[in-house]
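S.K.: One structure coming up, written as structure tokens, with questions to follow.
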Amino acid sequence: MLEVKNLTFSVEDDKGRQNILNDLSLQIPTGKLVVITGPNGGGKTTLAKAIMGLIPVSGGQVLLDGQDITALSITERARLGIGYGFQQPPRFKGIRVRDLMDLAAGRKLNQGECCNYLTEVGLCAKDYLDREVDTGLSGGEVKRIEIASVLARRCGVMIFDEPEAGIDLWSFSRLTETFQDLHKNSDATLIIISHQERIIKLADEIVLVAEGKVQKKGPCQEMLPCILQDTVTTCSRITE
Amino acid sequence: MDKIQQELLSQVADLHEVPEGAYNIRANGVSAGRRSTEHIEIITKEDKPGIDVRIAPFTQNESVHIPVLLTQTGLNELVYNDFYIGEGSDITIVAGCGIHNDGNERSEHSGVHTFYIGKNARVRYVEKHYGEGEGTGERVMNPQTVAYLDEGAVCRMETTQIRGVDSTKRTTRVEGKAGSELIIVEKLLTHGKQHAESRMEVVMNGENAKAQITSRSVAQDESVQVFYPSMEGNAACFGHVQCDSIIMDRARVRSIPEISANCLDAQLIHEAAIGKIAGDQILKLMTLGLTEEEAEQEILNGFLK
């Protein structure tokens with residue numbers, strides 16, 4: 001079980017102190033596929049980063065299987081089995097796709113293993129393994145390699161921040177199947193930040209995050225109609 | 001050869017024993033072994049220190065190793081090595097210099113390598129510089145490389161200096177005729193108070209000559225690096241210079257490029273970037289379970305690979 005309790009993250013800007021996460025609490029049972037959705041700027045990525053330790057929270061706790069990991073570093077959390085797929089992954093001059101996959105797996109992967117992970121994200125290993133993860137790759141390619149690197153970690157909790165962003169329709173379809181298969185065939189907890197209906201539909205539970213809080217959560221069948229309803233209604237501020 | 005020299009030899013030439021093919025090993029200013037082969041002749045110069053290496057036309061898939069080892073503190077030498085590479089041959093030349101200085105006097109090796117590369121010949125030139133030793137004496141290497149590429153000749157130069165050399169001034173000058181191709185891959189890592197300067201001058205004189213220079217460097221601690229890559233196109237040719245440096249700590253890096261086109265159809269490109277390791281790169285590798293130090297090391301290893 002992954003649990004966040006009363007999580008707060010604040011920043012200081014021109015308008016003064018802003019709470020990006022506002023006393024947010026959430027429980028994610030082991031083995032569930034949870035999709036976090038909600039409006040831009042609502043705190044979804046910040047929540048994911050707080051779980052991975054990528055940002056220092058101002059208050060609250062993160063617990064993994066009962067262990068308080070709030071004070072642990074990114075590295076320590078990664079070694080406890082949390083994986084993270086960045087929304088905008090960095091590029092590396094000189095590091096090849098093969099090297100990144102080996103680093104992710106923590107050992108040298110053989111050709112077949114690399115091939116499997118890359119196929120999961122719709123890439124052919126033969127074309128990519130010896131290419132550098134640098135500006136020679138398109139945004140969509142880097143994004144798919146990023147997802148493959150998380151899959152290669154085979155960790156217990158995998159967080160993906162908008163995995164669909166920058167990915168073409170064909171690859172997106174393949175990716176959706178990958179998440180579906182991963183959920184069906186493993187005990188991993190999957191946390192996916194997404195706005196895509198096809199990914200949202202895979203969820204055991206949907207969490208709607210806005211204004212730094214969990215506004216609503218529930219099973220897919222209950223939540224999806226509400227979310228679709230919300231997205232077609234006019235902005236309340238304009239109607240006011 | 002003693003143990004220290006053997007260790008240096010493995011560092012600069014990846015050699016653990018006498019290499020296959022032709023070789024000339026120079027240790028503390030004197031020959032420590034030489035072998036010529038049927039197609040590759042190594043001769044001592046008579047007018048100045050150094051050797052002539054003559055490679056017969058159409059020699060295929062052979063190699064020459066010419067490592068230099070310095071373990072005697074205070075030794076300063078200037079050596080001239082000339083390579084005459086026959087038409088249509090395909091060879092690998094492995095040079096390299098290792099200095100082990102345990103004393104407090106300056107040890108210096110300056111090598112002037114000149115390559116005359118015949119028509120359609122292909123040369124791969126690998127040069128590694130390495131320094132070690134507990135002494136306070138400086139380890140200095142000032143290599144000069146000059147290459148003349150005849151029509152259709154291809155030359156690939158891979159030069160590496162990772163740590164250990166206190167001061168280096170590298171000069172490279174290459175002239176290429178029609179259809180020639182030059183590829184230079186330079187890798188450099190300086191640390192401590194080291195100083196490195198690399199000056200390159202590539203002149204393309206014939207149609208369809210090509211040149212690609214890739215320089216990657218890492219400057220750590222208080223070290224200083226200066227690059228002067230220059231490329232001149234005097235015919236319909238294509239040249240690309242790419243210099244990337246990672247700067248760390250209190251190091252300083254300067255890059256002063258120059259591209260000159262003297263022909264309407266000369267296409268010359270220069271790209272240069274100096275920057276620190278991006279924070280998001282470190283974070284990404286930490287999410288894979290690496291510590292910050294391990295992440296930094298992987299980024300540097302990849303960058304200089």
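Residues are named by chain letter and number: chains run A, B, ... in the order of the structure tokens, numbers start at 1 in each chain, and ligands are numbered from 1 in the order shown.
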Residues of chain A were defined as contacting chain B if any atom lay at most 7 Å from it, counting only C-alpha atoms; please report them as a list in words.
M.R.: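 Residues passing the distance filter: Ile74, Thr75, Ala78, Arg79, Gly83, Tyr84, Pro90, Lys93, Gly94, Ile95, Leu103 and Ala104 of chain A.
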S.K.: Write the selection just made, keeping N, CA and C atoms, as a short mmCIF file (atom, residue, chain, number, x, y, z; two decimals), in the first residue's frame?
M.R.:
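See result.cif below for the written result:
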```
data_model
loop_
_atom_site.label_atom_id
_atom_site.label_comp_id
_atom_site.auth_asym_id
_atom_site.auth_seq_id
_atom_site.Cartn_x
_atom_site.Cartn_y
_atom_site.Cartn_z
N ILE A 74 15.70 10.33 -3.26
CA ILE A 74 15.17 9.74 -4.50
C ILE A 74 15.77 8.33 -4.66
N THR A 75 17.09 8.26 -4.50
CA THR A 75 17.81 6.99 -4.68
C THR A 75 17.24 5.91 -3.74
N ALA A 78 13.90 4.85 -4.87
CA ALA A 78 14.01 4.02 -6.07
C ALA A 78 14.40 2.60 -5.67
N ARG A 79 15.34 2.50 -4.72
CA ARG A 79 15.81 1.17 -4.31
C ARG A 79 14.76 0.39 -3.52
N GLY A 83 9.30 3.53 -9.14
CA GLY A 83 9.82 3.95 -10.45
C GLY A 83 9.06 5.15 -10.94
N TYR A 84 9.70 5.95 -11.80
CA TYR A 84 9.06 7.20 -12.22
C TYR A 84 9.35 7.50 -13.68
N PRO A 90 14.75 13.82 -19.73
CA PRO A 90 15.98 14.48 -20.19
C PRO A 90 16.65 13.67 -21.30
N LYS A 93 23.80 13.10 -23.90
CA LYS A 93 24.78 12.93 -24.97
C LYS A 93 25.70 11.77 -24.62
N GLY A 94 25.79 10.81 -25.51
CA GLY A 94 26.73 9.72 -25.31
C GLY A 94 26.14 8.50 -24.61
N ILE A 95 25.00 8.64 -23.95
CA ILE A 95 24.39 7.47 -23.32
C ILE A 95 23.41 6.85 -24.33
N LEU A 103 21.15 0.54 -17.03
CA LEU A 103 21.15 1.29 -15.77
C LEU A 103 19.82 1.11 -15.05
N ALA A 104 18.74 1.12 -15.83
CA ALA A 104 17.40 0.97 -15.25
C ALA A 104 17.24 -0.41 -14.62
#
```
S.K.: Can you tell me which residues surround A:Asp230 at a distance of at most 12 Å, considering only C-alpha atoms, apart from same-chain residues fewer than 6 positions away, and format the answer as a ChimeraX atom specification?
M.R.: /A:37-39,208,223-224,236
S.K.: So how far away is atom CA of A:Ile82 from atom CA of A:Pro219, in Å?
M.R.: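 One can read the atom CA of A:Pro219 to atom CA of A:Ile82 distance as 23.6 Å.
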S.K.: Excluding A:Cys124 and any residue of its chain fewer than 3 positions from it, enumerate the residues within 12 Å of it, using only C-alpha atoms, and give them as an MDAnalysis selection string.
M.R.: chainID A and resid 97 111:112 114:121 127:131 141 144:145 148 171
S.K.: Restricted to N, CA and C atoms, what would the selected residues look like written as a PDB file, in the first residue's frame?
M.R.:
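Produced file out.pdb, reproduced below:
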```
ATOM      1  N   VAL A  97      20.619   4.023 -25.825  1.00  0.00           N
ATOM      2  CA  VAL A  97      19.376   3.431 -25.308  1.00  0.00           C
ATOM      3  C   VAL A  97      19.732   2.166 -24.509  1.00  0.00           C
ATOM      4  N   GLN A 111      20.120  -8.899 -25.401  1.00  0.00           N
ATOM      5  CA  GLN A 111      19.416  -8.324 -26.556  1.00  0.00           C
ATOM      6  C   GLN A 111      17.911  -8.614 -26.493  1.00  0.00           C
ATOM      7  N   GLY A 112      17.589  -9.852 -26.132  1.00  0.00           N
ATOM      8  CA  GLY A 112      16.187 -10.279 -26.100  1.00  0.00           C
ATOM      9  C   GLY A 112      15.389  -9.505 -25.066  1.00  0.00           C
ATOM     10  N   CYS A 114      16.108  -6.500 -23.786  1.00  0.00           N
ATOM     11  CA  CYS A 114      15.964  -5.105 -24.260  1.00  0.00           C
ATOM     12  C   CYS A 114      14.860  -5.032 -25.301  1.00  0.00           C
ATOM     13  N   CYS A 115      14.887  -5.997 -26.198  1.00  0.00           N
ATOM     14  CA  CYS A 115      13.925  -6.040 -27.287  1.00  0.00           C
ATOM     15  C   CYS A 115      12.501  -6.096 -26.724  1.00  0.00           C
ATOM     16  N   ASN A 116      12.306  -6.936 -25.702  1.00  0.00           N
ATOM     17  CA  ASN A 116      10.971  -7.055 -25.107  1.00  0.00           C
ATOM     18  C   ASN A 116      10.479  -5.721 -24.559  1.00  0.00           C
ATOM     19  N   TYR A 117      11.356  -5.033 -23.790  1.00  0.00           N
ATOM     20  CA  TYR A 117      10.921  -3.772 -23.180  1.00  0.00           C
ATOM     21  C   TYR A 117      10.619  -2.716 -24.245  1.00  0.00           C
ATOM     22  N   LEU A 118      11.452  -2.676 -25.278  1.00  0.00           N
ATOM     23  CA  LEU A 118      11.230  -1.654 -26.317  1.00  0.00           C
ATOM     24  C   LEU A 118       9.996  -1.979 -27.156  1.00  0.00           C
ATOM     25  N   THR A 119       9.762  -3.270 -27.378  1.00  0.00           N
ATOM     26  CA  THR A 119       8.559  -3.660 -28.124  1.00  0.00           C
ATOM     27  C   THR A 119       7.305  -3.226 -27.370  1.00  0.00           C
ATOM     28  N   GLU A 120       7.370  -3.315 -26.044  1.00  0.00           N
ATOM     29  CA  GLU A 120       6.221  -2.902 -25.209  1.00  0.00           C
ATOM     30  C   GLU A 120       5.815  -1.454 -25.481  1.00  0.00           C
ATOM     31  N   VAL A 121       6.796  -0.628 -25.894  1.00  0.00           N
ATOM     32  CA  VAL A 121       6.470   0.775 -26.154  1.00  0.00           C
ATOM     33  C   VAL A 121       6.464   1.091 -27.649  1.00  0.00           C
ATOM     34  N   ASP A 127      16.612  -0.974 -34.263  1.00  0.00           N
ATOM     35  CA  ASP A 127      16.794   0.401 -34.733  1.00  0.00           C
ATOM     36  C   ASP A 127      17.267   1.350 -33.639  1.00  0.00           C
ATOM     37  N   TYR A 128      17.062   0.984 -32.397  1.00  0.00           N
ATOM     38  CA  TYR A 128      17.257   1.974 -31.340  1.00  0.00           C
ATOM     39  C   TYR A 128      18.370   1.675 -30.333  1.00  0.00           C
ATOM     40  N   LEU A 129      18.694   0.406 -30.091  1.00  0.00           N
ATOM     41  CA  LEU A 129      19.580   0.077 -28.960  1.00  0.00           C
ATOM     42  C   LEU A 129      20.908   0.829 -28.976  1.00  0.00           C
ATOM     43  N   ASP A 130      21.478   1.024 -30.155  1.00  0.00           N
ATOM     44  CA  ASP A 130      22.783   1.676 -30.213  1.00  0.00           C
ATOM     45  C   ASP A 130      22.705   3.167 -30.484  1.00  0.00           C
ATOM     46  N   ARG A 131      21.491   3.701 -30.473  1.00  0.00           N
ATOM     47  CA  ARG A 131      21.366   5.147 -30.671  1.00  0.00           C
ATOM     48  C   ARG A 131      21.491   5.863 -29.340  1.00  0.00           C
ATOM     49  N   GLU A 141       9.928   9.554 -29.391  1.00  0.00           N
ATOM     50  CA  GLU A 141      10.848   8.423 -29.214  1.00  0.00           C
ATOM     51  C   GLU A 141      11.471   8.445 -27.811  1.00  0.00           C
ATOM     52  N   ARG A 144       8.970   7.297 -25.286  1.00  0.00           N
ATOM     53  CA  ARG A 144       8.742   5.849 -25.247  1.00  0.00           C
ATOM     54  C   ARG A 144       9.922   5.116 -24.608  1.00  0.00           C
ATOM     55  N   ILE A 145      11.134   5.626 -24.852  1.00  0.00           N
ATOM     56  CA  ILE A 145      12.319   5.028 -24.221  1.00  0.00           C
ATOM     57  C   ILE A 145      12.244   5.239 -22.706  1.00  0.00           C
ATOM     58  N   ALA A 148       9.976   2.681 -21.373  1.00  0.00           N
ATOM     59  CA  ALA A 148      10.650   1.373 -21.390  1.00  0.00           C
ATOM     60  C   ALA A 148      11.635   1.269 -20.234  1.00  0.00           C
ATOM     61  N   SER A 171       1.336   4.391 -31.686  1.00  0.00           N
ATOM     62  CA  SER A 171       2.129   3.969 -30.530  1.00  0.00           C
ATOM     63  C   SER A 171       1.284   4.059 -29.267  1.00  0.00           C
TER      64      SER A 171
END
```
S.K.: What's around B:Ser180 at 6 Å? Count only C-alpha atoms, leave out sequence neighbours fewer than 6 positions away in its own chain, and write the answer as a compact mmCIF listing (two decimals) with C-alpha atoms, in the first residue's frame.
M.R.:
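Generated file (selection16.txt):
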```txt
# COMPACT_ATOMS: atom_id res chain seq x y z
CA GLU B 151 42.64 12.16 -53.08
CA GLY B 152 40.07 9.79 -51.63
CA ALA B 153 42.09 9.21 -48.45
CA VAL B 154 40.19 8.63 -45.21
CA ALA B 209 36.40 16.76 -49.26
```
S.K.: Which parts of stretch 98-192 of chain A does DSSP call helix (DSSP H, G or I) when run on the backbone here, written out as a count of residues only?
M.R.: 54
S.K.: Just want the 9 Å neighbourhood of stretch 70-73 of chain B, counted on only C-alpha atoms, with same-chain residues fewer than 3 positions away dropped. Output as a PyMOL selection string.
M.R.: chain B and resi 4-5+8+26-29+76+97-109+133+135+137
S.K.: I'd like to know which of B:Ser31, B:Asn142, B:Gln267, B:Ser167 is closest to B:Glu207, using only C-alpha atoms.
M.R.: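 For B:Glu207, the nearest of the candidates is B:Gln267.
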S.K.: Rank nothing, just name the residue among A:Ser194, A:Ser25, A:Thr176, A:Ser138 nearest to A:Lys216, using only C-alpha atoms.
M.R.: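 Selected residue with least distance to A:Lys216: A:Ser25.
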S.K.: Looking only at the backbone, which of the residues in stretch 66-296 of chain B does DSSP tag as strand (DSSP E), as a ChimeraX atom specification?
M.R.: /B:68-70,76-85,90-100,107-117,122-132,139-141,144-149,154-162,167-176,181-190,195-204,210-219,224-233,238-247,252-255,258-261,267-275
S.K.: Those selected residues, please, written with C-alpha atoms and delivered as a compact mmCIF listing (two decimals), in the first residue's frame.
M.R.:
```
# COMPACT_ATOMS: atom_id res chain seq x y z
CA VAL B 68 56.03 6.15 -25.55
CA LEU B 69 56.68 5.63 -21.85
CA LEU B 70 58.35 8.03 -19.44
CA ASN B 76 62.19 16.17 -21.52
CA GLU B 77 62.09 14.94 -25.08
CA LEU B 78 60.99 16.08 -28.49
CA VAL B 79 60.40 13.30 -31.01
CA TYR B 80 59.55 13.40 -34.70
CA ASN B 81 57.62 10.48 -36.15
CA ASP B 82 56.70 10.48 -39.83
CA PHE B 83 54.24 8.06 -41.41
CA TYR B 84 54.22 7.38 -45.12
CA ILE B 85 51.03 5.48 -45.85
CA ASP B 90 43.96 0.17 -44.72
CA ILE B 91 45.76 0.35 -41.40
CA THR B 92 45.47 1.20 -37.72
CA ILE B 93 48.14 3.20 -35.93
CA VAL B 94 48.06 3.16 -32.14
CA ALA B 95 50.17 5.85 -30.52
CA GLY B 96 50.00 6.99 -26.94
CA CYS B 97 52.14 8.39 -24.22
CA GLY B 98 52.21 7.47 -20.57
CA ILE B 99 54.16 9.45 -17.97
CA HIS B 100 54.75 8.13 -14.48
CA SER B 107 58.66 15.25 -17.23
CA GLU B 108 57.73 16.23 -20.73
CA HIS B 109 57.10 14.46 -24.00
CA SER B 110 56.45 16.40 -27.16
CA GLY B 111 55.72 14.33 -30.22
CA VAL B 112 55.42 15.67 -33.74
CA HIS B 113 53.54 13.16 -35.89
CA THR B 114 53.27 13.79 -39.60
CA PHE B 115 51.12 11.61 -41.82
CA TYR B 116 51.39 11.45 -45.57
CA ILE B 117 48.29 9.46 -46.50
CA ARG B 122 42.34 4.48 -44.92
CA VAL B 123 43.98 5.22 -41.59
CA ARG B 124 42.68 4.92 -38.09
CA TYR B 125 44.92 6.76 -35.66
CA VAL B 126 44.35 6.13 -31.95
CA GLU B 127 46.22 8.23 -29.41
CA LYS B 128 45.87 8.04 -25.65
CA HIS B 129 47.62 10.25 -23.15
CA TYR B 130 47.91 9.22 -19.56
CA GLY B 131 49.75 10.51 -16.54
CA GLU B 132 50.29 9.21 -13.02
CA ARG B 139 53.57 15.76 -16.35
CA VAL B 140 53.52 17.61 -19.65
CA MET B 141 52.59 16.46 -23.16
CA GLN B 144 51.57 18.07 -32.75
CA THR B 145 49.78 16.14 -35.45
CA VAL B 146 49.99 17.03 -39.10
CA ALA B 147 48.24 15.07 -41.83
CA TYR B 148 48.17 15.41 -45.61
CA LEU B 149 45.30 13.47 -47.17
CA VAL B 154 40.19 8.63 -45.21
CA CYS B 155 41.68 9.43 -41.82
CA ARG B 156 40.01 8.84 -38.49
CA MET B 157 41.82 10.27 -35.47
CA GLU B 158 40.72 9.31 -31.99
CA THR B 159 42.58 11.22 -29.30
CA THR B 160 41.95 10.73 -25.60
CA GLN B 161 43.41 12.38 -22.54
CA ILE B 162 41.60 11.46 -19.36
CA SER B 167 49.67 20.60 -18.98
CA THR B 168 49.01 19.92 -22.61
CA LYS B 169 49.15 21.98 -25.77
CA ARG B 170 47.77 20.02 -28.66
CA THR B 171 48.12 21.20 -32.23
CA THR B 172 46.48 19.44 -35.14
CA ARG B 173 46.71 20.51 -38.75
CA VAL B 174 45.14 18.57 -41.62
CA GLU B 175 44.99 19.30 -45.33
CA GLY B 176 42.63 17.30 -47.52
CA GLU B 181 37.51 12.41 -45.51
CA LEU B 182 38.71 13.39 -42.06
CA ILE B 183 37.07 12.39 -38.82
CA ILE B 184 38.52 13.67 -35.56
CA VAL B 185 37.11 12.52 -32.22
CA GLU B 186 38.76 14.29 -29.32
CA LYS B 187 38.06 13.44 -25.68
CA LEU B 188 39.51 15.32 -22.79
CA LEU B 189 39.06 15.36 -19.04
CA THR B 190 41.05 17.75 -16.89
CA HIS B 195 45.64 23.22 -18.21
CA ALA B 196 44.79 21.94 -21.68
CA GLU B 197 44.79 23.75 -24.98
CA SER B 198 43.74 22.24 -28.29
CA ARG B 199 44.29 24.01 -31.55
CA MET B 200 42.95 22.44 -34.75
CA GLU B 201 43.27 23.65 -38.27
CA VAL B 202 41.54 21.75 -41.03
CA VAL B 203 41.89 22.88 -44.62
CA MET B 204 39.80 21.30 -47.38
CA LYS B 210 34.70 16.12 -45.94
CA ALA B 211 35.69 16.80 -42.36
CA GLN B 212 33.93 16.08 -39.10
CA ILE B 213 35.45 17.21 -35.81
CA THR B 214 33.80 16.09 -32.59
CA SER B 215 35.34 17.36 -29.40
CA ARG B 216 33.98 16.40 -26.01
CA SER B 217 35.54 17.59 -22.84
CA VAL B 218 34.96 17.69 -19.12
CA ALA B 219 36.66 20.33 -16.98
CA VAL B 224 41.28 25.31 -17.58
CA GLN B 225 40.59 24.27 -21.17
CA VAL B 226 40.89 26.32 -24.33
CA PHE B 227 39.80 25.19 -27.81
CA TYR B 228 40.61 26.82 -31.12
CA PRO B 229 38.90 24.70 -33.79
CA SER B 230 39.28 26.19 -37.23
CA MET B 231 38.08 24.94 -40.58
CA GLU B 232 38.69 26.32 -44.04
CA GLY B 233 36.85 25.30 -47.19
CA PHE B 238 31.52 19.81 -46.31
CA GLY B 239 32.81 20.44 -42.81
CA HIS B 240 31.24 20.12 -39.40
CA VAL B 241 32.78 21.05 -36.06
CA GLN B 242 30.99 20.10 -32.88
CA CYS B 243 32.49 21.05 -29.52
CA ASP B 244 30.74 20.12 -26.31
CA SER B 245 32.11 20.74 -22.87
CA ILE B 246 30.82 19.94 -19.43
CA ILE B 247 32.05 22.42 -16.88
CA ARG B 252 36.97 27.40 -16.91
CA VAL B 253 36.42 26.53 -20.56
CA ARG B 254 36.90 28.73 -23.62
CA SER B 255 35.98 27.79 -27.16
CA GLU B 258 36.54 29.81 -36.78
CA ILE B 259 35.05 28.64 -40.05
CA SER B 260 36.16 30.17 -43.32
CA ALA B 261 34.58 29.50 -46.71
CA GLN B 267 29.35 24.11 -46.52
CA LEU B 268 30.76 24.61 -43.05
CA ILE B 269 28.95 24.24 -39.76
CA HIS B 270 30.14 24.93 -36.28
CA GLU B 271 28.33 24.03 -33.09
CA ALA B 272 29.68 24.67 -29.62
CA ALA B 273 28.14 24.24 -26.21
CA ILE B 274 29.53 24.63 -22.72
CA GLY B 275 27.37 23.85 -19.75
```
S.K.: Excluding same-chain residues fewer than 5 positions from A:Ile199, what lies within 9 Å of it counting only C-alpha atoms, as a list in words?
M.R.: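 What passes the distance filter is Val35, Glu164, Thr176, Phe179, Gln180, Ile192 and Ser194 of chain A.
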S.K.: Could you tell me how far atom CA of A:Leu100 lies from atom CA of A:Ala48, in Å and to one decimal?
M.R.: 22.0 Å
S.K.: Would you work out the distance separating atom CA of A:Val11 from atom CA of A:Met158, expressed in Å to one decimal?
M.R.: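 Between these atoms lies a distance of 26.5 Å.
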S.K.: Hey, which of A:Leu26, A:Val57, A:Val214, A:Ile227 ends up closest to A:Glu3? Count only C-alpha atoms.
M.R.: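 Of A:Leu26, A:Val57, A:Val214, A:Ile227, the one nearest A:Glu3, counting only C-alpha atoms, is A:Leu26.
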S.K.: With distances taken over only C-alpha atoms, which residue among A:Gly43, A:Gly156, A:Gly59, A:Gly106 lies nearest A:Gly81?
M.R.: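 The closest residue to A:Gly81 is A:Gly156.
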S.K.: Could you check the closest approach to B:Ala251 for each of B:Val12, B:Ala32, B:Gly192, B:Ile43 and tell me which residue wins, using only C-alpha atoms?
M.R.: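 For B:Ala251, the nearest of the given residues is B:Gly192.
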S.K.: Check the smallest atom-to-atom distance from each of B:Asp14, B:Met248, B:Thr136, B:Gly118 to B:Gly74 using only C-alpha atoms, then report the winner.
M.R.: B:Thr136
